[in-house]
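Enquirer: work_1.tsv is reproduced in full below (TSV, C-alpha atoms and all ligand atoms).
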```
chain	number	residue	atom	x	y	z
V	1	MET	CA	0.00	0.00	0.00
V	2	VAL	CA	1.43	3.37	-0.97
V	3	ARG	CA	0.33	6.47	0.84
V	4	LEU	CA	1.51	10.00	0.24
V	5	VAL	CA	3.04	11.28	3.45
V	6	THR	CA	4.12	14.76	2.41
V	7	THR	CA	3.27	17.02	-0.49
V	8	PHE	CA	3.68	20.57	-1.49
V	9	GLY	CA	1.27	22.07	-3.89
V	10	GLU	CA	1.88	24.71	-6.51
V	11	SER	CA	-0.70	26.25	-8.78
V	12	PHE	CA	-0.16	25.60	-12.46
V	13	ARG	CA	-2.48	25.88	-15.43
V	14	VAL	CA	-4.40	22.62	-15.76
V	15	SER	CA	-3.70	21.00	-19.12
V	16	ASP	CA	-5.50	17.97	-20.44
V	17	LEU	CA	-2.59	15.66	-19.63
V	18	LYS	CA	-2.30	17.22	-16.20
V	19	SER	CA	-5.93	16.47	-15.42
V	20	ARG	CA	-5.54	12.92	-16.75
V	21	ILE	CA	-2.50	12.44	-14.50
V	22	ALA	CA	-4.48	13.81	-11.56
V	23	ASN	CA	-7.28	11.33	-12.31
V	24	LEU	CA	-4.80	8.46	-12.49
V	25	ILE	CA	-3.42	9.48	-9.09
V	26	ARG	CA	-6.94	9.68	-7.64
V	27	ALA	CA	-7.65	6.18	-8.96
V	28	ASP	CA	-4.33	4.40	-8.31
V	29	GLY	CA	-2.49	6.49	-5.70
V	30	PRO	CA	0.77	8.44	-5.99
V	31	MET	CA	2.70	8.08	-9.22
V	32	SER	CA	6.34	7.19	-9.67
V	33	ILE	CA	8.43	9.92	-11.32
V	34	SER	CA	9.32	7.39	-14.03
V	35	THR	CA	5.63	6.88	-14.90
V	36	TYR	CA	5.15	10.65	-14.91
V	37	MET	CA	8.12	11.11	-17.29
V	38	GLN	CA	6.91	8.34	-19.56
V	39	LEU	CA	3.42	9.91	-19.80
V	40	CYS	CA	4.71	13.45	-20.22
V	41	LEU	CA	7.16	12.53	-22.98
V	42	HIS	CA	5.46	9.67	-24.82
V	43	ASP	CA	1.72	9.61	-24.14
V	44	PRO	CA	0.32	9.09	-27.67
V	45	ARG	CA	-2.32	11.83	-27.26
V	46	ASP	CA	-0.52	14.49	-25.24
V	47	GLY	CA	3.14	13.43	-24.81
V	48	TYR	CA	5.77	16.06	-25.47
V	49	TYR	CA	7.87	14.08	-27.96
V	50	ALA	CA	4.86	12.19	-29.31
V	51	THR	CA	2.95	15.34	-30.28
V	52	ARG	CA	4.85	18.62	-29.96
V	53	PRO	CA	8.60	18.12	-29.72
V	54	GLY	CA	10.08	21.59	-29.24
V	55	LEU	CA	13.67	20.98	-30.35
V	56	GLY	CA	15.09	24.35	-31.18
V	57	THR	CA	12.45	26.29	-29.24
V	58	ASP	CA	12.25	24.70	-25.76
V	59	PHE	CA	15.86	23.49	-25.82
V	60	THR	CA	18.72	23.03	-28.24
V	61	THR	CA	21.27	20.28	-28.72
V	62	ALA	CA	24.86	20.02	-29.95
V	63	PRO	CA	24.05	19.09	-33.58
V	64	GLU	CA	21.70	22.09	-33.76
V	65	ILE	CA	24.48	24.35	-32.46
V	66	SER	CA	27.19	23.32	-34.93
V	67	GLN	CA	27.21	21.20	-38.08
V	68	ILE	CA	30.72	20.12	-37.06
V	69	PHE	CA	29.28	17.95	-34.27
V	70	GLY	CA	27.41	15.62	-36.66
V	71	GLU	CA	30.21	15.71	-39.22
V	72	LEU	CA	32.76	14.52	-36.66
V	73	LEU	CA	30.42	11.77	-35.44
V	74	GLY	CA	29.98	10.63	-39.04
V	75	LEU	CA	33.75	10.40	-39.45
V	76	TRP	CA	33.99	8.64	-36.09
V	77	ALA	CA	31.55	6.03	-37.44
V	78	VAL	CA	33.64	5.63	-40.61
V	79	HIS	CA	36.75	5.07	-38.48
V	80	GLU	CA	35.01	2.36	-36.42
V	81	TRP	CA	33.75	0.70	-39.63
V	82	GLN	CA	37.35	0.68	-40.88
V	83	GLN	CA	38.55	-0.76	-37.55
V	84	MET	CA	36.00	-3.56	-38.03
V	85	GLY	CA	37.71	-4.36	-41.37
V	86	GLN	CA	35.24	-2.44	-43.57
V	87	PRO	CA	32.47	-5.08	-43.54
V	88	GLU	CA	30.29	-5.10	-46.64
V	89	GLN	CA	27.21	-4.50	-44.51
V	90	ILE	CA	26.97	-2.34	-41.41
V	91	ASN	CA	23.97	-1.23	-39.38
V	92	LEU	CA	24.35	2.49	-38.74
V	93	VAL	CA	21.87	3.11	-35.96
V	94	GLU	CA	20.85	6.30	-34.21
V	95	LEU	CA	18.88	6.33	-30.98
V	96	GLY	CA	16.57	9.33	-30.63
V	97	PRO	CA	17.58	11.25	-33.78
V	98	GLY	CA	15.45	14.35	-33.00
V	99	ARG	CA	15.37	16.60	-36.07
V	100	ALA	CA	17.85	14.28	-37.88
V	101	THR	CA	20.41	17.10	-37.99
V	102	LEU	CA	23.19	14.95	-36.54
V	103	MET	CA	22.54	12.16	-39.04
V	104	SER	CA	22.30	14.43	-42.08
V	105	ASP	CA	25.60	16.11	-41.15
V	106	ALA	CA	27.17	12.70	-40.45
V	107	LEU	CA	26.02	11.33	-43.81
V	108	ARG	CA	27.25	14.38	-45.73
V	109	ALA	CA	30.68	14.09	-44.08
V	110	SER	CA	30.97	10.35	-44.71
V	111	ALA	CA	29.67	10.45	-48.31
V	112	THR	CA	33.13	10.70	-49.85
V	113	VAL	CA	34.49	7.62	-48.07
V	114	PRO	CA	34.51	4.81	-50.66
V	115	GLY	CA	32.24	1.92	-49.71
V	116	PHE	CA	30.79	3.30	-46.48
V	117	HIS	CA	27.39	4.40	-47.74
V	118	GLU	CA	27.13	1.30	-49.92
V	119	ALA	CA	27.68	-0.89	-46.84
V	120	MET	CA	25.44	1.14	-44.55
V	121	GLN	CA	21.94	0.17	-43.52
V	122	LEU	CA	20.50	3.24	-41.83
V	123	ILE	CA	18.24	2.45	-38.87
V	124	LEU	CA	16.61	5.06	-36.66
V	125	ILE	CA	15.18	4.15	-33.28
V	126	GLU	CA	12.61	6.83	-32.59
V	127	ALA	CA	9.55	6.73	-30.36
V	128	SER	CA	7.86	9.87	-31.67
V	129	PRO	CA	5.61	9.57	-34.75
V	130	ALA	CA	5.93	13.34	-35.31
V	131	LEU	CA	9.73	13.16	-35.30
V	132	ARG	CA	9.78	10.02	-37.48
V	133	THR	CA	7.97	11.98	-40.18
V	134	LEU	CA	10.47	14.82	-39.95
V	135	GLN	CA	13.45	12.43	-39.93
V	136	ALA	CA	12.15	10.53	-43.00
V	137	GLU	CA	11.78	13.86	-44.85
V	138	ARG	CA	15.21	15.17	-43.95
V	139	LEU	CA	16.93	11.89	-44.81
V	140	SER	CA	14.83	11.18	-47.90
V	141	ALA	CA	17.95	10.73	-50.05
V	142	HIS	CA	18.69	7.56	-48.06
V	143	HIS	CA	16.82	4.38	-47.36
V	144	VAL	CA	15.78	4.65	-43.71
V	145	ARG	CA	14.38	1.86	-41.58
V	146	PHE	CA	12.60	2.77	-38.33
V	147	GLU	CA	12.56	0.58	-35.24
V	148	THR	CA	11.55	1.09	-31.62
V	149	GLU	CA	14.04	-1.26	-29.93
V	150	LEU	CA	17.64	-2.35	-30.46
V	151	THR	CA	16.44	-5.95	-30.24
V	152	ALA	CA	14.80	-5.49	-33.67
V	153	LEU	CA	18.12	-4.82	-35.45
V	154	PRO	CA	19.12	-7.23	-38.19
V	155	SER	CA	22.25	-9.21	-37.34
V	156	GLY	CA	25.56	-7.89	-38.60
V	157	PRO	CA	28.23	-5.41	-37.56
V	158	THR	CA	26.57	-2.48	-35.83
V	159	LEU	CA	27.47	1.11	-34.97
V	160	ILE	CA	25.14	3.05	-32.68
V	161	LEU	CA	25.11	6.83	-32.19
V	162	ALA	CA	23.07	8.55	-29.47
V	163	ASN	CA	23.23	12.19	-28.49
V	164	GLU	CA	20.98	13.41	-25.67
V	165	TYR	CA	18.99	10.18	-25.75
V	166	LEU	CA	19.84	8.74	-22.33
V	167	ASP	CA	18.76	11.87	-20.44
V	168	CYS	CA	15.11	11.39	-21.43
V	169	LEU	CA	14.88	7.81	-20.18
V	170	PRO	CA	12.51	7.83	-17.18
V	171	ALA	CA	14.06	8.13	-13.72
V	172	GLN	CA	13.05	7.09	-10.22
V	173	GLN	CA	14.15	8.86	-7.07
V	174	TYR	CA	14.66	7.45	-3.58
V	175	ILE	CA	15.21	9.38	-0.36
V	176	ARG	CA	16.84	7.94	2.74
V	177	GLU	CA	14.89	8.37	5.98
V	178	GLY	CA	16.93	6.85	8.76
V	179	GLU	CA	17.30	3.20	7.89
V	180	ASP	CA	14.52	3.31	5.33
V	181	TRP	CA	14.41	4.36	1.71
V	182	ARG	CA	11.24	5.82	0.30
V	183	GLU	CA	10.42	6.53	-3.28
V	184	ARG	CA	9.81	10.16	-4.18
V	185	VAL	CA	6.44	10.17	-5.86
V	186	ILE	CA	3.89	12.57	-7.31
V	187	GLY	CA	0.56	13.02	-5.59
V	188	LEU	CA	-2.18	15.59	-5.12
V	189	ASP	CA	-2.44	18.18	-2.39
V	190	ALA	CA	-5.71	19.22	-0.74
V	191	ASP	CA	-6.44	21.59	-3.63
V	192	GLY	CA	-5.87	18.92	-6.27
V	193	ASN	CA	-2.51	20.31	-7.42
V	194	LEU	CA	0.35	17.99	-8.38
V	195	GLY	CA	3.11	17.87	-5.80
V	196	PHE	CA	6.08	15.78	-4.79
V	197	GLY	CA	5.94	13.58	-1.74
V	198	LEU	CA	7.33	10.40	-0.30
V	199	ALA	CA	5.68	7.02	-0.59
V	200	ALA	CA	4.68	5.62	2.79
V	201	GLU	CA	6.08	2.22	1.93
V	202	ALA	CA	9.68	1.70	3.04
V	203	LEU	CA	11.90	-0.04	0.53
V	204	PRO	CA	15.06	-2.04	0.80
V	205	VAL	CA	17.61	-0.51	-1.57
V	206	ALA	CA	20.06	-3.17	-2.61
V	207	ASP	CA	23.64	-1.99	-2.88
V	208	ALA	CA	22.71	1.38	-1.38
V	209	PRO	CA	25.57	3.80	-1.60
V	210	ASP	CA	26.29	6.05	1.33
V	211	LEU	CA	23.91	8.72	0.13
V	212	ASP	CA	20.78	10.52	1.35
V	213	ALA	CA	19.10	10.49	-2.01
V	214	ILE	CA	19.54	8.67	-5.28
V	215	GLU	CA	18.11	8.86	-8.78
V	216	VAL	CA	18.13	5.82	-11.06
V	217	GLN	CA	17.11	5.23	-14.66
V	218	PRO	CA	16.02	1.58	-14.87
V	219	ALA	CA	16.05	1.76	-18.70
V	220	LEU	CA	19.86	2.09	-18.67
V	221	LYS	CA	20.09	-1.57	-17.64
V	222	THR	CA	17.60	-2.58	-20.34
V	223	LEU	CA	19.68	-0.72	-22.90
V	224	ILE	CA	22.94	-2.35	-21.79
V	225	ASP	CA	21.25	-5.78	-21.79
V	226	GLN	CA	20.09	-5.14	-25.35
V	227	ILE	CA	23.61	-4.16	-26.47
V	228	ALA	CA	24.92	-7.32	-24.77
V	229	GLN	CA	22.35	-9.37	-26.72
V	230	LEU	CA	23.60	-7.87	-30.00
V	231	VAL	CA	27.17	-8.72	-29.00
V	232	GLU	CA	26.15	-12.29	-28.13
V	233	ARG	CA	25.07	-12.79	-31.74
V	234	GLY	CA	28.78	-12.67	-32.57
V	235	ASP	CA	28.80	-9.40	-34.51
V	236	PRO	CA	31.11	-6.46	-33.80
V	237	VAL	CA	29.13	-3.72	-32.04
V	238	CYS	CA	30.16	-0.25	-30.92
V	239	ALA	CA	27.80	2.29	-29.35
V	240	LEU	CA	28.67	5.94	-28.71
V	241	PHE	CA	26.62	7.88	-26.16
V	242	ILE	CA	27.02	11.59	-25.58
V	243	ASP	CA	24.99	13.20	-22.84
V	244	TYR	CA	25.11	15.39	-19.79
V	245	GLY	CA	25.72	14.04	-16.35
V	246	PRO	CA	28.40	13.85	-13.72
V	247	VAL	CA	31.34	11.49	-13.46
V	248	GLY	CA	32.39	10.50	-9.95
V	249	GLU	CA	29.14	11.46	-8.25
V	250	THR	CA	25.66	9.92	-8.14
V	251	PRO	CA	22.75	12.08	-9.31
V	252	SER	CA	20.01	12.51	-6.67
V	253	ASP	CA	17.41	15.03	-7.81
V	254	THR	CA	18.18	16.30	-11.30
V	255	LEU	CA	14.69	16.17	-12.85
V	256	ARG	CA	14.28	19.35	-14.90
V	257	ALA	CA	11.73	20.74	-17.33
V	258	PHE	CA	12.34	23.19	-20.18
V	259	GLN	CA	9.90	25.34	-22.07
V	260	ASN	CA	10.75	28.16	-24.48
V	261	GLY	CA	14.40	27.97	-23.48
V	262	GLU	CA	13.60	28.49	-19.78
V	263	GLN	CA	13.82	26.00	-16.95
V	264	ILE	CA	10.42	25.59	-15.33
V	265	HIS	CA	9.06	23.44	-12.49
V	266	PRO	CA	8.92	19.79	-13.63
V	267	LEU	CA	5.25	19.53	-12.63
V	268	ALA	CA	4.20	22.83	-14.21
V	269	ALA	CA	3.52	21.81	-17.79
V	270	PRO	CA	3.20	18.04	-18.28
V	271	GLY	CA	3.36	17.18	-21.97
V	272	GLU	CA	4.12	20.80	-22.84
V	273	SER	CA	7.74	20.89	-21.68
V	274	ASP	CA	10.79	18.69	-22.14
V	275	LEU	CA	11.71	16.59	-19.12
V	276	THR	CA	15.26	15.47	-18.54
V	277	VAL	CA	17.67	14.10	-15.92
V	278	ASP	CA	21.44	13.83	-15.59
V	279	VAL	CA	22.91	10.54	-16.77
V	280	ASP	CA	24.87	8.59	-14.15
V	281	PHE	CA	27.94	7.72	-16.25
V	282	ASP	CA	29.59	5.69	-13.48
V	283	HIS	CA	26.47	3.54	-13.20
V	284	LEU	CA	26.31	3.13	-16.98
V	285	ARG	CA	29.95	2.07	-17.08
V	286	GLY	CA	29.37	-0.37	-14.21
V	287	LEU	CA	26.35	-1.92	-15.95
V	288	ALA	CA	28.33	-2.37	-19.17
V	289	HIS	CA	31.28	-3.97	-17.37
V	290	ALA	CA	28.92	-6.29	-15.49
V	291	ALA	CA	27.44	-7.37	-18.85
V	292	GLY	CA	30.92	-8.28	-20.12
V	293	LEU	CA	31.12	-5.35	-22.53
V	294	SER	CA	34.14	-3.15	-23.14
V	295	VAL	CA	33.85	0.48	-22.10
V	296	TYR	CA	35.89	3.49	-23.21
V	297	GLY	CA	35.45	6.78	-21.40
V	298	PRO	CA	33.60	8.72	-20.28
V	299	VAL	CA	35.64	11.58	-21.66
V	300	PRO	CA	34.50	15.20	-21.62
V	301	GLN	CA	32.72	16.25	-24.81
V	302	GLY	CA	35.22	19.09	-25.38
V	303	SER	CA	38.24	16.74	-25.42
V	304	PHE	CA	36.33	14.20	-27.49
V	305	LEU	CA	35.46	16.69	-30.24
V	306	LEU	CA	38.89	18.32	-30.26
V	307	ARG	CA	40.59	14.92	-30.57
V	308	LEU	CA	38.32	14.17	-33.53
V	309	GLY	CA	39.55	17.32	-35.26
V	310	ALA	CA	36.97	19.99	-34.38
V	311	GLU	CA	39.52	22.78	-34.71
V	312	ALA	CA	40.80	21.71	-38.14
V	313	ARG	CA	37.25	21.40	-39.45
V	314	LEU	CA	36.37	24.81	-37.98
V	315	ASN	CA	39.32	26.44	-39.76
V	316	GLN	CA	38.44	24.69	-43.00
V	317	LEU	CA	34.80	25.84	-42.85
V	318	ALA	CA	35.74	29.37	-41.80
V	319	LYS	CA	38.00	29.66	-44.86
V	320	LEU	CA	35.25	28.40	-47.13
V	321	HIS	CA	32.61	30.70	-45.57
V	322	PRO	CA	34.41	33.77	-44.17
V	323	ASP	CA	31.06	35.57	-43.69
V	324	LYS	CA	30.01	32.81	-41.25
V	325	ALA	CA	33.36	32.44	-39.47
V	326	ASP	CA	32.17	34.13	-36.25
V	327	ASP	CA	29.06	31.95	-35.96
V	328	LEU	CA	31.07	28.81	-36.71
V	329	TYR	CA	33.60	29.76	-34.06
V	330	ASP	CA	30.88	30.57	-31.47
V	331	GLY	CA	29.19	27.22	-32.12
V	332	ILE	CA	32.31	25.15	-31.59
V	333	ARG	CA	33.29	27.20	-28.57
V	334	GLU	CA	29.93	26.43	-26.97
V	335	LEU	CA	30.45	22.71	-27.54
V	336	VAL	CA	34.06	22.43	-26.33
V	337	ASP	CA	34.53	25.22	-23.77
V	338	PRO	CA	34.91	23.69	-20.28
V	339	ASP	CA	32.66	26.46	-18.93
V	340	GLN	CA	29.91	25.64	-21.41
V	341	MET	CA	29.12	22.17	-22.80
V	342	GLY	CA	32.73	20.96	-22.94
V	343	THR	CA	32.83	19.28	-19.54
V	344	ARG	CA	29.15	19.13	-18.61
V	345	PHE	CA	28.66	16.62	-21.43
V	346	ASN	CA	30.56	13.35	-21.65
V	347	ALA	CA	31.14	10.73	-24.34
V	348	ILE	CA	31.29	7.01	-23.62
V	349	ALA	CA	31.74	4.09	-26.03
V	350	ILE	CA	30.45	0.61	-25.26
V	351	GLY	CA	30.88	-2.53	-27.31
V	352	ASN	CA	32.45	-5.97	-27.70
V	353	ALA	CA	35.22	-6.99	-25.39
V	354	ALA	CA	37.42	-7.48	-28.48
V	355	LEU	CA	36.69	-4.02	-29.83
V	356	PRO	CA	39.80	-1.94	-30.55
V	357	LYS	CA	39.90	1.44	-28.84
V	358	PRO	CA	37.49	3.75	-30.69
V	359	ALA	CA	38.76	7.07	-32.04
V	360	ALA	CA	39.13	9.93	-29.52
V	361	PHE	CA	39.05	7.77	-26.35
Z	401	LIG	C1	16.60	15.44	-26.49
Z	401	LIG	S1	16.09	14.79	-28.01
Z	401	LIG	C2	17.68	14.61	-28.80
Z	401	LIG	C3	17.57	14.65	-30.28
Z	401	LIG	C4	18.88	14.50	-31.08
Z	401	LIG	N1	19.60	13.31	-30.72
Z	401	LIG	C5	19.74	15.72	-30.94
Z	401	LIG	O1	20.85	15.59	-30.41
Z	401	LIG	O2	19.33	16.79	-31.37
Z	401	LIG	C6	15.64	13.12	-27.59
Z	401	LIG	C7	15.27	12.24	-28.75
Z	401	LIG	O3	15.08	10.90	-28.27
Z	401	LIG	C8	13.79	10.43	-28.65
Z	401	LIG	N2	13.38	9.48	-27.61
Z	401	LIG	C9	13.20	9.74	-26.30
Z	401	LIG	N3	12.88	8.60	-25.64
Z	401	LIG	C10	12.89	7.61	-26.57
Z	401	LIG	C11	12.66	6.20	-26.52
Z	401	LIG	N4	12.35	5.59	-25.37
Z	401	LIG	N5	12.75	5.49	-27.65
Z	401	LIG	C12	13.08	6.10	-28.83
Z	401	LIG	N6	13.30	7.43	-28.94
Z	401	LIG	C13	13.21	8.17	-27.82
Z	401	LIG	C14	12.97	11.69	-28.75
Z	401	LIG	O4	11.77	11.52	-29.44
Z	401	LIG	C15	13.98	12.60	-29.44
Z	401	LIG	O5	14.09	12.29	-30.81
```
Translate the structure of the given file into structure tokens.
Expert:
Amino acid sequence: MVRLVTTFGESFRVSDLKSRIANLIRADGPMSISTYMQLCLHDPRDGYYATRPGLGTDFTTAPEISQIFGELLGLWAVHEWQQMGQPEQINLVELGPGRATLMSDALRASATVPGFHEAMQLILIEASPALRTLQAERLSAHHVRFETELTALPSGPTLILANEYLDCLPAQQYIREGEDWRERVIGLDADGNLGFGLAAEALPVADAPDLDAIEVQPALKTLIDQIAQLVERGDPVCALFIDYGPVGETPSDTLRAFQNGEQIHPLAAPGESDLTVDVDFDHLRGLAHAAGLSVYGPVPQGSFLLRLGAEARLNQLAKLHPDKADDLYDGIRELVDPDQMGTRFNAIAIGNAALPKPAAF
């Protein structure tokens, strides 16, 4: 039995999804943050990504800031294909491709490499019907296959790219109260407003670190298990994840919402704002090791991009387009500067135990 023991209410405009969430809480009791995130992002009728993804308005991402980001990732993929011995067929997979900017830049940069596009089977794993339509349009020069899970990939050598995908996987939070752990949940206050509280039920937390609060994304384990399943088929596999999150510390309460470029309260606009959490890179690395996979990184995004040649590509582009040199420079600076995205974001590569070290790690 779960009972809400504390709440704080705040008054927000009541949207359709908000009232449906309130009804679900009335019927079933307080809601896990992971269920709330899943509904807010993917509910087929009102979910943020499912119906009104605001990439570029509510928030922006590295490929939208500089074309060099996607170009370098495309060349990274070519390098890994070459390290695999240039197989005649390769699954080039992207998880959560958003507006397909990363992939179109990656494909433009890799187009001149003999054999790569001929070998490539392009597979996008995208939950949002609205974004699938946009991605198919923007990549219409290529044959694109859509899937919802890595388990659906055809067998064969596989390269996976994922930028800002992990941070939208639903999270759960637990708070330590003395010897007990309680899940942080969402309930209703006396006025019917959504608020955070603690579940009454005490939980044993296996392997509890010495912390007062912890945030976990159960889907990280599912993802690693799925990569391990691909590896078990005997094919070379290498997955590159770039996302924000700390290294050397465990996230506790990082749930954030963004609307029109501003951070807002995560309960203020369900389905009308992006929801995101920090990725626990140490946990991800631990899960991959436990599954027998090889792990490279995490390395800070700034170092990763500079090692891949961000500066040389910037200079080349600036020479070609002197009128855009300032914008090109500002974009790359935002991505690599340690005070901007350069250290807040990290890159990690996960794959077969026999995988040679990927470029830039
Ligand atoms: C923050 S956006 C990042 C978009 C893009 N990678 C970029 O860097 O601009 C997250 C993307 O992941 C997709 N997504 C989120 N959860 C997903 C899931 N469980 N399965 C498939 N796609 C998902 C979203 O629809 C969106 O395309």
Enquirer: With only C-alpha atoms and all ligand atoms counted and 9 Å as the cut-off, give the residues of chain V in contact with ligand LIG 401 (chain Z), each with its shortest interatomic distance in Å and the pair that gives it, as JSON lines.
Expert:
```
{"residue": "V:Gln38", "atom": "CA", "partner": "Z:LIG401", "partner_atom": "N4", "distance": 8.4}
{"residue": "V:Leu41", "atom": "CA", "partner": "Z:LIG401", "partner_atom": "N3", "distance": 7.4}
{"residue": "V:His42", "atom": "CA", "partner": "Z:LIG401", "partner_atom": "N3", "distance": 7.5}
{"residue": "V:Tyr48", "atom": "CA", "partner": "Z:LIG401", "partner_atom": "O4", "distance": 8.5}
{"residue": "V:Tyr49", "atom": "CA", "partner": "Z:LIG401", "partner_atom": "O4", "distance": 4.9}
{"residue": "V:Ala50", "atom": "CA", "partner": "Z:LIG401", "partner_atom": "O4", "distance": 6.9}
{"residue": "V:Pro53", "atom": "CA", "partner": "Z:LIG401", "partner_atom": "O4", "distance": 7.3}
{"residue": "V:Leu55", "atom": "CA", "partner": "Z:LIG401", "partner_atom": "S1", "distance": 7.0}
{"residue": "V:Gly56", "atom": "CA", "partner": "Z:LIG401", "partner_atom": "O2", "distance": 8.7}
{"residue": "V:Phe59", "atom": "CA", "partner": "Z:LIG401", "partner_atom": "C1", "distance": 8.1}
{"residue": "V:Thr60", "atom": "CA", "partner": "Z:LIG401", "partner_atom": "O2", "distance": 7.0}
{"residue": "V:Thr61", "atom": "CA", "partner": "Z:LIG401", "partner_atom": "O2", "distance": 4.8}
{"residue": "V:Ala62", "atom": "CA", "partner": "Z:LIG401", "partner_atom": "O1", "distance": 6.0}
{"residue": "V:Pro63", "atom": "CA", "partner": "Z:LIG401", "partner_atom": "O2", "distance": 5.7}
{"residue": "V:Glu64", "atom": "CA", "partner": "Z:LIG401", "partner_atom": "O2", "distance": 6.3}
{"residue": "V:Glu94", "atom": "CA", "partner": "Z:LIG401", "partner_atom": "N1", "distance": 7.9}
{"residue": "V:Leu95", "atom": "CA", "partner": "Z:LIG401", "partner_atom": "N6", "distance": 6.0}
{"residue": "V:Gly96", "atom": "CA", "partner": "Z:LIG401", "partner_atom": "O3", "distance": 3.2}
{"residue": "V:Pro97", "atom": "CA", "partner": "Z:LIG401", "partner_atom": "N1", "distance": 4.2}
{"residue": "V:Gly98", "atom": "CA", "partner": "Z:LIG401", "partner_atom": "O5", "distance": 3.3}
{"residue": "V:Arg99", "atom": "CA", "partner": "Z:LIG401", "partner_atom": "O2", "distance": 6.1}
{"residue": "V:Ala100", "atom": "CA", "partner": "Z:LIG401", "partner_atom": "C4", "distance": 6.9}
{"residue": "V:Thr101", "atom": "CA", "partner": "Z:LIG401", "partner_atom": "O2", "distance": 6.7}
{"residue": "V:Leu102", "atom": "CA", "partner": "Z:LIG401", "partner_atom": "O1", "distance": 6.6}
{"residue": "V:Met103", "atom": "CA", "partner": "Z:LIG401", "partner_atom": "N1", "distance": 8.9}
{"residue": "V:Leu124", "atom": "CA", "partner": "Z:LIG401", "partner_atom": "C12", "distance": 8.7}
{"residue": "V:Ile125", "atom": "CA", "partner": "Z:LIG401", "partner_atom": "C12", "distance": 5.3}
{"residue": "V:Glu126", "atom": "CA", "partner": "Z:LIG401", "partner_atom": "N6", "distance": 3.8}
{"residue": "V:Ala127", "atom": "CA", "partner": "Z:LIG401", "partner_atom": "C12", "distance": 3.9}
{"residue": "V:Ser128", "atom": "CA", "partner": "Z:LIG401", "partner_atom": "O4", "distance": 4.8}
{"residue": "V:Pro129", "atom": "CA", "partner": "Z:LIG401", "partner_atom": "O4", "distance": 8.4}
{"residue": "V:Ala130", "atom": "CA", "partner": "Z:LIG401", "partner_atom": "O4", "distance": 8.5}
{"residue": "V:Leu131", "atom": "CA", "partner": "Z:LIG401", "partner_atom": "O5", "distance": 6.3}
{"residue": "V:Arg132", "atom": "CA", "partner": "Z:LIG401", "partner_atom": "O5", "distance": 8.3}
{"residue": "V:Glu147", "atom": "CA", "partner": "Z:LIG401", "partner_atom": "C12", "distance": 8.5}
{"residue": "V:Thr148", "atom": "CA", "partner": "Z:LIG401", "partner_atom": "C12", "distance": 5.9}
{"residue": "V:Glu149", "atom": "CA", "partner": "Z:LIG401", "partner_atom": "N5", "distance": 7.2}
{"residue": "V:Leu161", "atom": "CA", "partner": "Z:LIG401", "partner_atom": "N1", "distance": 8.6}
{"residue": "V:Ala162", "atom": "CA", "partner": "Z:LIG401", "partner_atom": "N1", "distance": 6.0}
{"residue": "V:Asn163", "atom": "CA", "partner": "Z:LIG401", "partner_atom": "N1", "distance": 4.4}
{"residue": "V:Glu164", "atom": "CA", "partner": "Z:LIG401", "partner_atom": "C2", "distance": 4.7}
{"residue": "V:Tyr165", "atom": "CA", "partner": "Z:LIG401", "partner_atom": "O3", "distance": 4.7}
{"residue": "V:Leu166", "atom": "CA", "partner": "Z:LIG401", "partner_atom": "N3", "distance": 7.7}
{"residue": "V:Asp167", "atom": "CA", "partner": "Z:LIG401", "partner_atom": "C1", "distance": 7.3}
{"residue": "V:Cys168", "atom": "CA", "partner": "Z:LIG401", "partner_atom": "C9", "distance": 5.5}
{"residue": "V:Leu169", "atom": "CA", "partner": "Z:LIG401", "partner_atom": "N3", "distance": 5.9}
{"residue": "V:Pro170", "atom": "CA", "partner": "Z:LIG401", "partner_atom": "N4", "distance": 8.5}
{"residue": "V:Ala219", "atom": "CA", "partner": "Z:LIG401", "partner_atom": "N4", "distance": 8.5}
{"residue": "V:Ile242", "atom": "CA", "partner": "Z:LIG401", "partner_atom": "O1", "distance": 8.8}
{"residue": "V:Asp243", "atom": "CA", "partner": "Z:LIG401", "partner_atom": "O1", "distance": 9.0}
{"residue": "V:Asp274", "atom": "CA", "partner": "Z:LIG401", "partner_atom": "C1", "distance": 8.0}
{"residue": "V:Leu275", "atom": "CA", "partner": "Z:LIG401", "partner_atom": "C1", "distance": 8.9}
{"residue": "V:Thr276", "atom": "CA", "partner": "Z:LIG401", "partner_atom": "C1", "distance": 8.1}
```
Enquirer: What does the distance between atom CA of Leu198 of chain V and atom CA of Glu183 of chain V come to in Å, to one decimal place?
Expert: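 Calculated distance between atom CA of Leu198 of chain V and atom CA of Glu183 of chain V is 5.8 Å.
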Enquirer: For a test of reading the model, state the distance in Å between atom CA of Arg20 of chain V and atom CA of Glu215 of chain V, rounded to one decimal.
Expert: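 Value for the atom CA of Arg20 of chain V-atom CA of Glu215 of chain V distance: 25.3 Å.
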Enquirer: Using all atoms listed in the file for the distances, tell me which of V:Val277, V:Leu134, V:Ala141, V:Ala268 is nearest to Ala171 of chain V.
Expert: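 Residue with the minimum atom-to-atom distance to Ala171 of chain V: V:Val277.
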Enquirer: What are the closest atom pairs, with distances in Å to one decimal, for each residue of segment 212-296 of chain V lying within 12 Å of segment 334-344 of chain V, using only C-alpha atoms, rows by chain and rising residue number, as a tab-separated table?
Expert:
```
residue	atom	partner	partner_atom	distance
V:Ile242	CA	V:Arg344	CA	10.5
V:Asp243	CA	V:Arg344	CA	8.4
V:Tyr244	CA	V:Arg344	CA	5.6
V:Gly245	CA	V:Arg344	CA	6.5
V:Pro246	CA	V:Arg344	CA	7.2
V:Val247	CA	V:Arg344	CA	9.5
V:Asp278	CA	V:Arg344	CA	9.8
V:Val279	CA	V:Arg344	CA	10.8
V:Phe281	CA	V:Arg344	CA	11.7
```
